[in-house]
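Listing of protein.cif; format and content: mmCIF, N, CA and C atoms.
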```cif
data_input
#
loop_
_atom_site.label_atom_id
_atom_site.label_comp_id
_atom_site.auth_asym_id
_atom_site.auth_seq_id
_atom_site.Cartn_x
_atom_site.Cartn_y
_atom_site.Cartn_z
N MET T 20 -26.65 -47.40 -54.11
CA MET T 20 -27.59 -46.35 -53.79
C MET T 20 -28.98 -46.96 -53.60
N ARG T 21 -29.64 -46.61 -52.58
CA ARG T 21 -30.95 -47.17 -52.24
C ARG T 21 -32.04 -46.43 -53.00
N ARG T 22 -33.01 -47.17 -53.54
CA ARG T 22 -34.15 -46.57 -54.26
C ARG T 22 -35.22 -46.13 -53.26
N LEU T 23 -35.86 -44.99 -53.56
CA LEU T 23 -36.95 -44.51 -52.71
C LEU T 23 -38.22 -45.29 -53.01
N ASN T 24 -38.94 -45.56 -52.01
CA ASN T 24 -40.21 -46.26 -52.15
C ASN T 24 -41.18 -45.37 -52.93
N PRO T 25 -41.85 -45.89 -53.98
CA PRO T 25 -42.80 -45.10 -54.77
C PRO T 25 -43.93 -44.50 -53.92
N LEU T 26 -44.33 -45.18 -52.86
CA LEU T 26 -45.40 -44.64 -52.01
C LEU T 26 -44.93 -43.39 -51.27
N ILE T 27 -43.67 -43.35 -50.86
CA ILE T 27 -43.13 -42.16 -50.20
C ILE T 27 -43.09 -41.00 -51.19
N LEU T 28 -42.68 -41.28 -52.42
CA LEU T 28 -42.66 -40.23 -53.45
C LEU T 28 -44.07 -39.70 -53.73
N LEU T 29 -45.05 -40.61 -53.81
CA LEU T 29 -46.43 -40.20 -54.05
C LEU T 29 -46.95 -39.35 -52.90
N ALA T 30 -46.67 -39.76 -51.66
CA ALA T 30 -47.11 -38.99 -50.49
C ALA T 30 -46.49 -37.60 -50.49
N ALA T 31 -45.20 -37.51 -50.84
CA ALA T 31 -44.53 -36.20 -50.89
C ALA T 31 -45.15 -35.33 -51.97
N LEU T 32 -45.49 -35.92 -53.10
CA LEU T 32 -46.14 -35.16 -54.17
C LEU T 32 -47.50 -34.63 -53.74
N VAL T 33 -48.28 -35.46 -53.07
CA VAL T 33 -49.61 -35.04 -52.59
C VAL T 33 -49.47 -33.88 -51.60
N VAL T 34 -48.53 -33.98 -50.68
CA VAL T 34 -48.31 -32.90 -49.70
C VAL T 34 -47.91 -31.62 -50.42
N ALA T 35 -47.03 -31.73 -51.41
CA ALA T 35 -46.60 -30.54 -52.16
C ALA T 35 -47.77 -29.88 -52.87
N VAL T 36 -48.65 -30.69 -53.48
CA VAL T 36 -49.81 -30.13 -54.19
C VAL T 36 -50.76 -29.44 -53.21
N VAL T 37 -51.01 -30.07 -52.07
CA VAL T 37 -51.91 -29.46 -51.08
C VAL T 37 -51.34 -28.13 -50.60
N LEU T 38 -50.06 -28.09 -50.29
CA LEU T 38 -49.44 -26.83 -49.83
C LEU T 38 -49.48 -25.77 -50.93
N TRP T 39 -49.22 -26.16 -52.16
CA TRP T 39 -49.26 -25.21 -53.28
C TRP T 39 -50.66 -24.64 -53.46
N ARG T 40 -51.69 -25.47 -53.36
CA ARG T 40 -53.07 -25.01 -53.54
C ARG T 40 -53.47 -24.03 -52.44
N GLN T 41 -52.94 -24.20 -51.24
CA GLN T 41 -53.24 -23.28 -50.15
C GLN T 41 -52.60 -21.92 -50.41
N GLN T 42 -51.52 -21.86 -51.17
CA GLN T 42 -50.82 -20.62 -51.47
C GLN T 42 -51.42 -19.89 -52.66
N THR T 43 -52.17 -20.59 -53.52
CA THR T 43 -52.71 -20.00 -54.74
C THR T 43 -53.89 -19.12 -54.39
N PRO T 44 -53.89 -17.81 -54.80
CA PRO T 44 -55.00 -16.91 -54.49
C PRO T 44 -56.25 -17.28 -55.28
N ALA T 45 -57.38 -17.02 -54.67
CA ALA T 45 -58.64 -17.26 -55.36
C ALA T 45 -58.83 -16.20 -56.44
N PRO T 46 -59.43 -16.56 -57.57
CA PRO T 46 -59.64 -15.58 -58.62
C PRO T 46 -60.65 -14.53 -58.20
N ALA T 47 -60.50 -13.34 -58.74
CA ALA T 47 -61.45 -12.27 -58.47
C ALA T 47 -62.76 -12.60 -59.16
N GLY T 48 -63.83 -12.19 -58.59
CA GLY T 48 -65.11 -12.45 -59.24
C GLY T 48 -66.24 -12.20 -58.28
N PRO T 49 -67.46 -12.27 -58.78
CA PRO T 49 -68.61 -11.94 -57.96
C PRO T 49 -69.08 -13.06 -57.05
N ALA T 50 -68.48 -14.26 -57.12
CA ALA T 50 -68.94 -15.36 -56.30
C ALA T 50 -68.72 -15.06 -54.82
N ASN T 51 -69.79 -15.06 -54.05
CA ASN T 51 -69.75 -14.86 -52.61
C ASN T 51 -68.94 -13.64 -52.18
N PRO T 52 -69.21 -12.48 -52.76
CA PRO T 52 -68.45 -11.31 -52.32
C PRO T 52 -68.86 -10.90 -50.91
N ALA T 53 -67.90 -10.39 -50.17
CA ALA T 53 -68.20 -9.85 -48.85
C ALA T 53 -68.89 -8.51 -49.03
N THR T 54 -69.58 -8.06 -48.00
CA THR T 54 -70.35 -6.83 -48.12
C THR T 54 -70.00 -5.84 -47.02
N ALA T 55 -69.87 -4.59 -47.39
CA ALA T 55 -69.75 -3.50 -46.43
C ALA T 55 -71.04 -2.70 -46.51
N THR T 56 -71.54 -2.25 -45.38
CA THR T 56 -72.79 -1.52 -45.35
C THR T 56 -72.54 -0.05 -45.07
N ALA T 57 -73.14 0.83 -45.85
CA ALA T 57 -72.94 2.26 -45.65
C ALA T 57 -73.75 2.74 -44.45
N GLY T 58 -73.11 3.52 -43.60
CA GLY T 58 -73.79 4.09 -42.45
C GLY T 58 -74.57 5.35 -42.85
N SER T 59 -75.29 5.92 -41.92
CA SER T 59 -76.11 7.09 -42.21
C SER T 59 -75.28 8.30 -42.59
N ASP T 60 -74.00 8.32 -42.19
CA ASP T 60 -73.14 9.45 -42.53
C ASP T 60 -72.37 9.22 -43.83
N GLY T 61 -72.70 8.11 -44.56
CA GLY T 61 -72.03 7.82 -45.82
C GLY T 61 -70.77 6.99 -45.66
N THR T 62 -70.40 6.67 -44.42
CA THR T 62 -69.21 5.87 -44.21
C THR T 62 -69.59 4.40 -44.18
N THR T 63 -68.62 3.55 -44.35
CA THR T 63 -68.88 2.12 -44.32
C THR T 63 -68.92 1.65 -42.88
N ALA T 64 -70.02 0.99 -42.51
CA ALA T 64 -70.23 0.57 -41.13
C ALA T 64 -69.58 -0.78 -40.84
N ALA T 65 -69.58 -1.69 -41.81
CA ALA T 65 -69.00 -3.02 -41.60
C ALA T 65 -68.15 -3.35 -42.81
N LEU T 66 -66.98 -3.89 -42.55
CA LEU T 66 -66.07 -4.23 -43.64
C LEU T 66 -65.79 -5.72 -43.63
N PRO T 67 -65.51 -6.31 -44.79
CA PRO T 67 -65.13 -7.72 -44.82
C PRO T 67 -63.86 -7.94 -44.01
N ALA T 68 -63.70 -9.11 -43.48
CA ALA T 68 -62.57 -9.43 -42.61
C ALA T 68 -61.22 -9.29 -43.32
N PHE T 69 -61.20 -9.47 -44.65
CA PHE T 69 -59.91 -9.40 -45.34
C PHE T 69 -59.43 -7.97 -45.54
N LEU T 70 -60.27 -6.97 -45.31
CA LEU T 70 -59.85 -5.58 -45.47
C LEU T 70 -59.18 -5.08 -44.20
N PRO T 71 -58.05 -4.39 -44.33
CA PRO T 71 -57.41 -3.80 -43.15
C PRO T 71 -58.19 -2.58 -42.68
N PRO T 72 -58.00 -2.15 -41.44
CA PRO T 72 -58.72 -0.98 -40.93
C PRO T 72 -58.52 0.27 -41.79
N GLU T 73 -57.36 0.43 -42.40
CA GLU T 73 -57.09 1.61 -43.22
C GLU T 73 -57.98 1.67 -44.46
N ALA T 74 -58.53 0.54 -44.87
CA ALA T 74 -59.43 0.53 -46.04
C ALA T 74 -60.70 1.32 -45.75
N HIS T 75 -61.11 1.36 -44.48
CA HIS T 75 -62.30 2.13 -44.10
C HIS T 75 -62.13 3.60 -44.49
N THR T 76 -60.96 4.16 -44.20
CA THR T 76 -60.66 5.56 -44.54
C THR T 76 -60.70 5.75 -46.05
N THR T 77 -60.10 4.82 -46.79
CA THR T 77 -60.08 4.93 -48.25
C THR T 77 -61.50 4.88 -48.81
N LEU T 78 -62.32 3.96 -48.30
CA LEU T 78 -63.71 3.86 -48.79
C LEU T 78 -64.50 5.12 -48.46
N ASP T 79 -64.26 5.70 -47.29
CA ASP T 79 -64.93 6.96 -46.94
C ASP T 79 -64.54 8.06 -47.92
N LEU T 80 -63.26 8.14 -48.26
CA LEU T 80 -62.80 9.16 -49.22
C LEU T 80 -63.39 8.92 -50.60
N ILE T 81 -63.48 7.68 -51.02
CA ILE T 81 -64.10 7.36 -52.32
C ILE T 81 -65.55 7.81 -52.32
N ALA T 82 -66.28 7.51 -51.24
CA ALA T 82 -67.70 7.88 -51.16
C ALA T 82 -67.89 9.40 -51.20
N ARG T 83 -66.93 10.15 -50.61
CA ARG T 83 -67.03 11.61 -50.58
C ARG T 83 -66.43 12.27 -51.81
N GLY T 84 -65.70 11.49 -52.62
CA GLY T 84 -65.04 12.07 -53.79
C GLY T 84 -63.74 12.77 -53.47
N GLY T 85 -63.13 12.42 -52.34
CA GLY T 85 -61.83 13.00 -51.97
C GLY T 85 -61.99 14.06 -50.91
N PRO T 86 -60.94 14.80 -50.65
CA PRO T 86 -59.63 14.81 -51.32
C PRO T 86 -58.81 13.59 -50.91
N PHE T 87 -57.99 13.13 -51.84
CA PHE T 87 -57.18 11.94 -51.64
C PHE T 87 -55.75 12.32 -51.29
N PRO T 88 -55.08 11.48 -50.48
CA PRO T 88 -53.73 11.83 -50.03
C PRO T 88 -52.64 11.64 -51.09
N HIS T 89 -52.93 10.91 -52.15
CA HIS T 89 -51.92 10.65 -53.18
C HIS T 89 -52.43 11.11 -54.54
N SER T 90 -51.55 11.70 -55.33
CA SER T 90 -51.96 12.21 -56.64
C SER T 90 -52.42 11.08 -57.57
N GLN T 91 -51.96 9.85 -57.30
CA GLN T 91 -52.35 8.72 -58.14
C GLN T 91 -53.74 8.18 -57.80
N ASP T 92 -54.30 8.56 -56.67
CA ASP T 92 -55.61 8.07 -56.27
C ASP T 92 -56.68 8.60 -57.23
N GLY T 93 -57.51 7.66 -57.70
CA GLY T 93 -58.58 8.01 -58.62
C GLY T 93 -58.21 7.87 -60.08
N VAL T 94 -56.94 7.54 -60.36
CA VAL T 94 -56.54 7.39 -61.76
C VAL T 94 -57.12 6.10 -62.33
N VAL T 95 -57.16 6.04 -63.65
CA VAL T 95 -57.69 4.85 -64.32
C VAL T 95 -56.76 3.67 -64.06
N PHE T 96 -57.36 2.55 -63.67
CA PHE T 96 -56.63 1.30 -63.49
C PHE T 96 -56.76 0.51 -64.78
N GLY T 97 -55.63 0.16 -65.37
CA GLY T 97 -55.62 -0.46 -66.69
C GLY T 97 -55.97 -1.94 -66.74
N ASN T 98 -55.99 -2.65 -65.63
CA ASN T 98 -56.28 -4.08 -65.60
C ASN T 98 -55.35 -4.84 -66.54
N TYR T 99 -54.08 -4.43 -66.60
CA TYR T 99 -53.12 -5.06 -67.50
C TYR T 99 -52.85 -6.52 -67.13
N GLU T 100 -53.10 -6.88 -65.88
CA GLU T 100 -52.90 -8.25 -65.44
C GLU T 100 -54.04 -9.14 -65.92
N HIS T 101 -55.15 -8.54 -66.33
CA HIS T 101 -56.35 -9.25 -66.81
C HIS T 101 -56.91 -10.20 -65.75
N LEU T 102 -56.81 -9.80 -64.48
CA LEU T 102 -57.36 -10.61 -63.40
C LEU T 102 -58.78 -10.18 -63.04
N LEU T 103 -59.16 -8.97 -63.40
CA LEU T 103 -60.52 -8.50 -63.18
C LEU T 103 -61.31 -8.71 -64.47
N PRO T 104 -62.64 -8.75 -64.37
CA PRO T 104 -63.44 -8.90 -65.59
C PRO T 104 -63.11 -7.81 -66.60
N GLU T 105 -63.03 -8.18 -67.87
CA GLU T 105 -62.71 -7.23 -68.92
C GLU T 105 -63.80 -6.16 -69.02
N GLN T 106 -63.35 -4.90 -69.07
CA GLN T 106 -64.24 -3.75 -69.22
C GLN T 106 -63.53 -2.75 -70.12
N SER T 107 -64.28 -1.77 -70.59
CA SER T 107 -63.66 -0.75 -71.43
C SER T 107 -62.73 0.12 -70.58
N ARG T 108 -61.75 0.71 -71.24
CA ARG T 108 -60.78 1.56 -70.55
C ARG T 108 -61.52 2.70 -69.87
N GLY T 109 -61.15 2.98 -68.63
CA GLY T 109 -61.79 4.03 -67.86
C GLY T 109 -62.83 3.52 -66.88
N TYR T 110 -63.18 2.24 -66.98
CA TYR T 110 -64.18 1.68 -66.07
C TYR T 110 -63.62 1.53 -64.66
N TYR T 111 -62.36 1.08 -64.55
CA TYR T 111 -61.74 0.84 -63.25
C TYR T 111 -60.88 2.03 -62.82
N HIS T 112 -60.91 2.32 -61.51
CA HIS T 112 -60.06 3.35 -60.91
C HIS T 112 -59.40 2.78 -59.66
N GLU T 113 -58.21 3.26 -59.34
CA GLU T 113 -57.49 2.72 -58.19
C GLU T 113 -57.29 3.77 -57.11
N TYR T 114 -57.24 3.28 -55.87
CA TYR T 114 -57.07 4.13 -54.71
C TYR T 114 -56.14 3.45 -53.72
N THR T 115 -55.29 4.23 -53.09
CA THR T 115 -54.32 3.72 -52.13
C THR T 115 -54.99 3.39 -50.80
N VAL T 116 -54.64 2.24 -50.24
CA VAL T 116 -54.97 1.91 -48.86
C VAL T 116 -53.66 2.03 -48.10
N GLU T 117 -53.60 2.98 -47.19
CA GLU T 117 -52.35 3.27 -46.48
C GLU T 117 -51.81 2.03 -45.77
N THR T 118 -50.49 1.92 -45.77
CA THR T 118 -49.78 0.85 -45.06
C THR T 118 -49.00 1.50 -43.94
N PRO T 119 -49.39 1.29 -42.68
CA PRO T 119 -48.68 1.92 -41.57
C PRO T 119 -47.18 1.60 -41.61
N GLY T 120 -46.36 2.63 -41.45
CA GLY T 120 -44.93 2.46 -41.42
C GLY T 120 -44.25 2.42 -42.77
N ALA T 121 -45.02 2.38 -43.86
CA ALA T 121 -44.42 2.33 -45.20
C ALA T 121 -43.96 3.72 -45.60
N SER T 122 -42.81 3.78 -46.25
CA SER T 122 -42.29 5.07 -46.72
C SER T 122 -42.79 5.39 -48.14
N THR T 123 -43.50 4.42 -48.76
CA THR T 123 -44.08 4.62 -50.09
C THR T 123 -45.58 4.37 -49.99
N ARG T 124 -46.26 4.34 -51.13
CA ARG T 124 -47.68 4.05 -51.13
C ARG T 124 -47.97 2.61 -50.71
N GLY T 125 -46.98 1.76 -50.72
CA GLY T 125 -47.19 0.37 -50.35
C GLY T 125 -47.85 -0.41 -51.47
N THR T 126 -48.36 -1.59 -51.14
CA THR T 126 -48.90 -2.51 -52.15
C THR T 126 -50.41 -2.66 -52.08
N ARG T 127 -51.05 -1.95 -51.16
CA ARG T 127 -52.48 -2.16 -50.94
C ARG T 127 -53.31 -1.14 -51.70
N ARG T 128 -54.31 -1.63 -52.44
CA ARG T 128 -55.18 -0.76 -53.23
C ARG T 128 -56.62 -1.25 -53.18
N ILE T 129 -57.52 -0.30 -53.37
CA ILE T 129 -58.91 -0.61 -53.67
C ILE T 129 -59.13 -0.19 -55.12
N ILE T 130 -59.70 -1.09 -55.90
CA ILE T 130 -60.04 -0.82 -57.29
C ILE T 130 -61.56 -0.74 -57.35
N THR T 131 -62.07 0.32 -57.94
CA THR T 131 -63.51 0.46 -58.11
C THR T 131 -63.85 0.32 -59.58
N GLY T 132 -65.07 -0.09 -59.85
CA GLY T 132 -65.54 -0.18 -61.22
C GLY T 132 -66.85 0.55 -61.36
N GLY T 133 -66.95 1.36 -62.41
CA GLY T 133 -68.17 2.13 -62.67
C GLY T 133 -68.09 3.52 -62.08
N THR T 134 -68.94 4.40 -62.60
CA THR T 134 -69.03 5.78 -62.10
C THR T 134 -70.51 6.13 -61.95
N PRO T 135 -71.02 6.22 -60.73
CA PRO T 135 -70.33 5.97 -59.45
C PRO T 135 -69.98 4.49 -59.32
N PRO T 136 -69.07 4.18 -58.41
CA PRO T 136 -68.63 2.79 -58.29
C PRO T 136 -69.76 1.83 -57.95
N ASP T 137 -69.78 0.70 -58.65
CA ASP T 137 -70.75 -0.34 -58.31
C ASP T 137 -70.07 -1.69 -58.04
N VAL T 138 -68.76 -1.78 -58.31
CA VAL T 138 -68.00 -2.97 -57.93
C VAL T 138 -66.72 -2.52 -57.25
N TYR T 139 -66.25 -3.33 -56.32
CA TYR T 139 -65.06 -3.01 -55.54
C TYR T 139 -64.17 -4.25 -55.45
N TYR T 140 -62.87 -4.02 -55.54
CA TYR T 140 -61.88 -5.09 -55.39
C TYR T 140 -60.77 -4.56 -54.48
N TYR T 141 -60.18 -5.49 -53.71
CA TYR T 141 -59.06 -5.14 -52.84
C TYR T 141 -57.88 -6.02 -53.22
N THR T 142 -56.69 -5.41 -53.28
CA THR T 142 -55.45 -6.15 -53.46
C THR T 142 -54.46 -5.69 -52.40
N ASP T 143 -53.78 -6.66 -51.80
CA ASP T 143 -52.75 -6.29 -50.83
C ASP T 143 -51.37 -6.69 -51.35
N ASP T 144 -51.31 -7.13 -52.60
CA ASP T 144 -50.04 -7.57 -53.18
C ASP T 144 -49.77 -6.90 -54.53
N HIS T 145 -50.20 -5.66 -54.65
CA HIS T 145 -49.96 -4.83 -55.83
C HIS T 145 -50.39 -5.51 -57.13
N TYR T 146 -51.67 -5.89 -57.18
CA TYR T 146 -52.34 -6.38 -58.39
C TYR T 146 -52.04 -7.83 -58.75
N HIS T 147 -51.44 -8.60 -57.86
CA HIS T 147 -51.22 -10.02 -58.16
C HIS T 147 -52.46 -10.84 -57.87
N SER T 148 -53.30 -10.39 -56.95
CA SER T 148 -54.56 -11.06 -56.63
C SER T 148 -55.56 -10.02 -56.14
N PHE T 149 -56.84 -10.35 -56.26
CA PHE T 149 -57.91 -9.43 -55.88
C PHE T 149 -58.99 -10.18 -55.11
N HIS T 150 -59.63 -9.46 -54.18
CA HIS T 150 -60.80 -9.96 -53.47
C HIS T 150 -61.95 -9.00 -53.79
N SER T 151 -63.06 -9.52 -54.25
CA SER T 151 -64.20 -8.64 -54.53
C SER T 151 -65.02 -8.44 -53.25
N PHE T 152 -65.66 -7.30 -53.17
CA PHE T 152 -66.57 -7.03 -52.07
C PHE T 152 -67.58 -6.00 -52.54
N LYS T 153 -68.65 -5.85 -51.78
CA LYS T 153 -69.71 -4.89 -52.12
C LYS T 153 -69.80 -3.83 -51.04
N VAL T 154 -70.22 -2.66 -51.45
CA VAL T 154 -70.52 -1.57 -50.52
C VAL T 154 -71.98 -1.22 -50.77
N ASN T 155 -72.83 -1.51 -49.79
CA ASN T 155 -74.27 -1.20 -49.92
C ASN T 155 -74.51 0.25 -49.56
N GLN T 156 -75.24 0.91 -50.39
CA GLN T 156 -75.55 2.32 -50.14
C GLN T 156 -76.87 2.47 -49.42
#
```
As structure tokens - that is how I would like this structure written.
Amino acid sequence: MRRLNPLILLAALVVAVVLWRQQTPAPAGPANPATATAGSDGTTAALPAFLPPEAHTTLDLIARGGPFPHSQDGVVFGNYEHLLPEQSRGYYHEYTVETPGASTRGTRRIITGGTPPDVYYYTDDHYHSFHSFKVNQ
């Protein structure tokens, strides 16, 4: 049986680490958050590139206080994954971002913090990762 060259093994390991790091989501946090700007009618005029178009509708409903299409919208988000900064219970609330063609609520949510909201997070993988963003009033 022929032995593998250690340099080939090292190169394969480096490639595996680089590919794994590209797959790892960035942690949620305030560093370099994207910003959405509120228009004169209270709607968001510009959204971060990572937000889908349906998030615009959700943000408009949040700004107006509803009515929301799902009974779960506006409920307290428990942060059980501990991926968002620790806050007291009731600080975070979750809202559905519609997924076209989905027969369920899907995996996309906007999480707000504060009342009225002063922090915003988006997840498209049902709470496995979050992207922070701001909505300027």
Test item: the PyMOL selection byres ((chain T and resi 119-125) around 8) resolved as an MDAnalysis selection string: chainID T and resid 73 115:118 126:128 143:145
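Atom CA of T:Tyr114 lies 9.4 Å from atom CA of T:Leu80.
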Atomic distance atom C of T:Arg108 - atom N of T:Val95, expressed in Å with one decimal: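 Distance reported for this atom pair: 8.3 Å.
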Spatial neighbours of T:Ile130, max dist 6 Å, only C-alpha atoms, sep filter under 6 positions, as a PyMOL selection string: chain T and resi 112-113+139-140
Shell around T:Tyr110 at 7 Å using all atoms listed in the file, local window under 4 positions removed, as number ranges by chain: T: 95-96, 106, 131-134
Counting only N, CA and C atoms, the option among T:His147, T:Leu103, T:Pro136, T:Phe69 closest to T:Ile81: T:Pro136
Atom C of T:Val138 to atom N of T:Val154, distance in Å rounded to a single decimal: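 Atom C of T:Val138 sits 6.8 Å away from atom N of T:Val154.
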Return as lines of an AutoDock Vina configuration file the box centre and box size in Å, one decimal, for an axis-aligned box around all listed atoms of stretch 92-99 of chain T padded by 5 Å per side.
```
center_x = -55.7
center_y = 1.0
center_z = -61.9
size_x = 15.7
size_y = 25.1
size_z = 21.2
```
Which of T:Asn24, T:Thr77, T:Ser107, T:Phe87 sits closest to T:Ile129 [using all atoms listed in the file]: T:Thr77
Strand (DSSP E or B) positions in stretch 100-130 of chain T, given as a PyMOL selection string: chain T and resi 111-115+128-130
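Checking T:Thr76, T:Pro67, T:Asn155, T:Tyr146 one by one against T:Gly97, counting only C-alpha atoms, you find the shortest gap at T:Tyr146.
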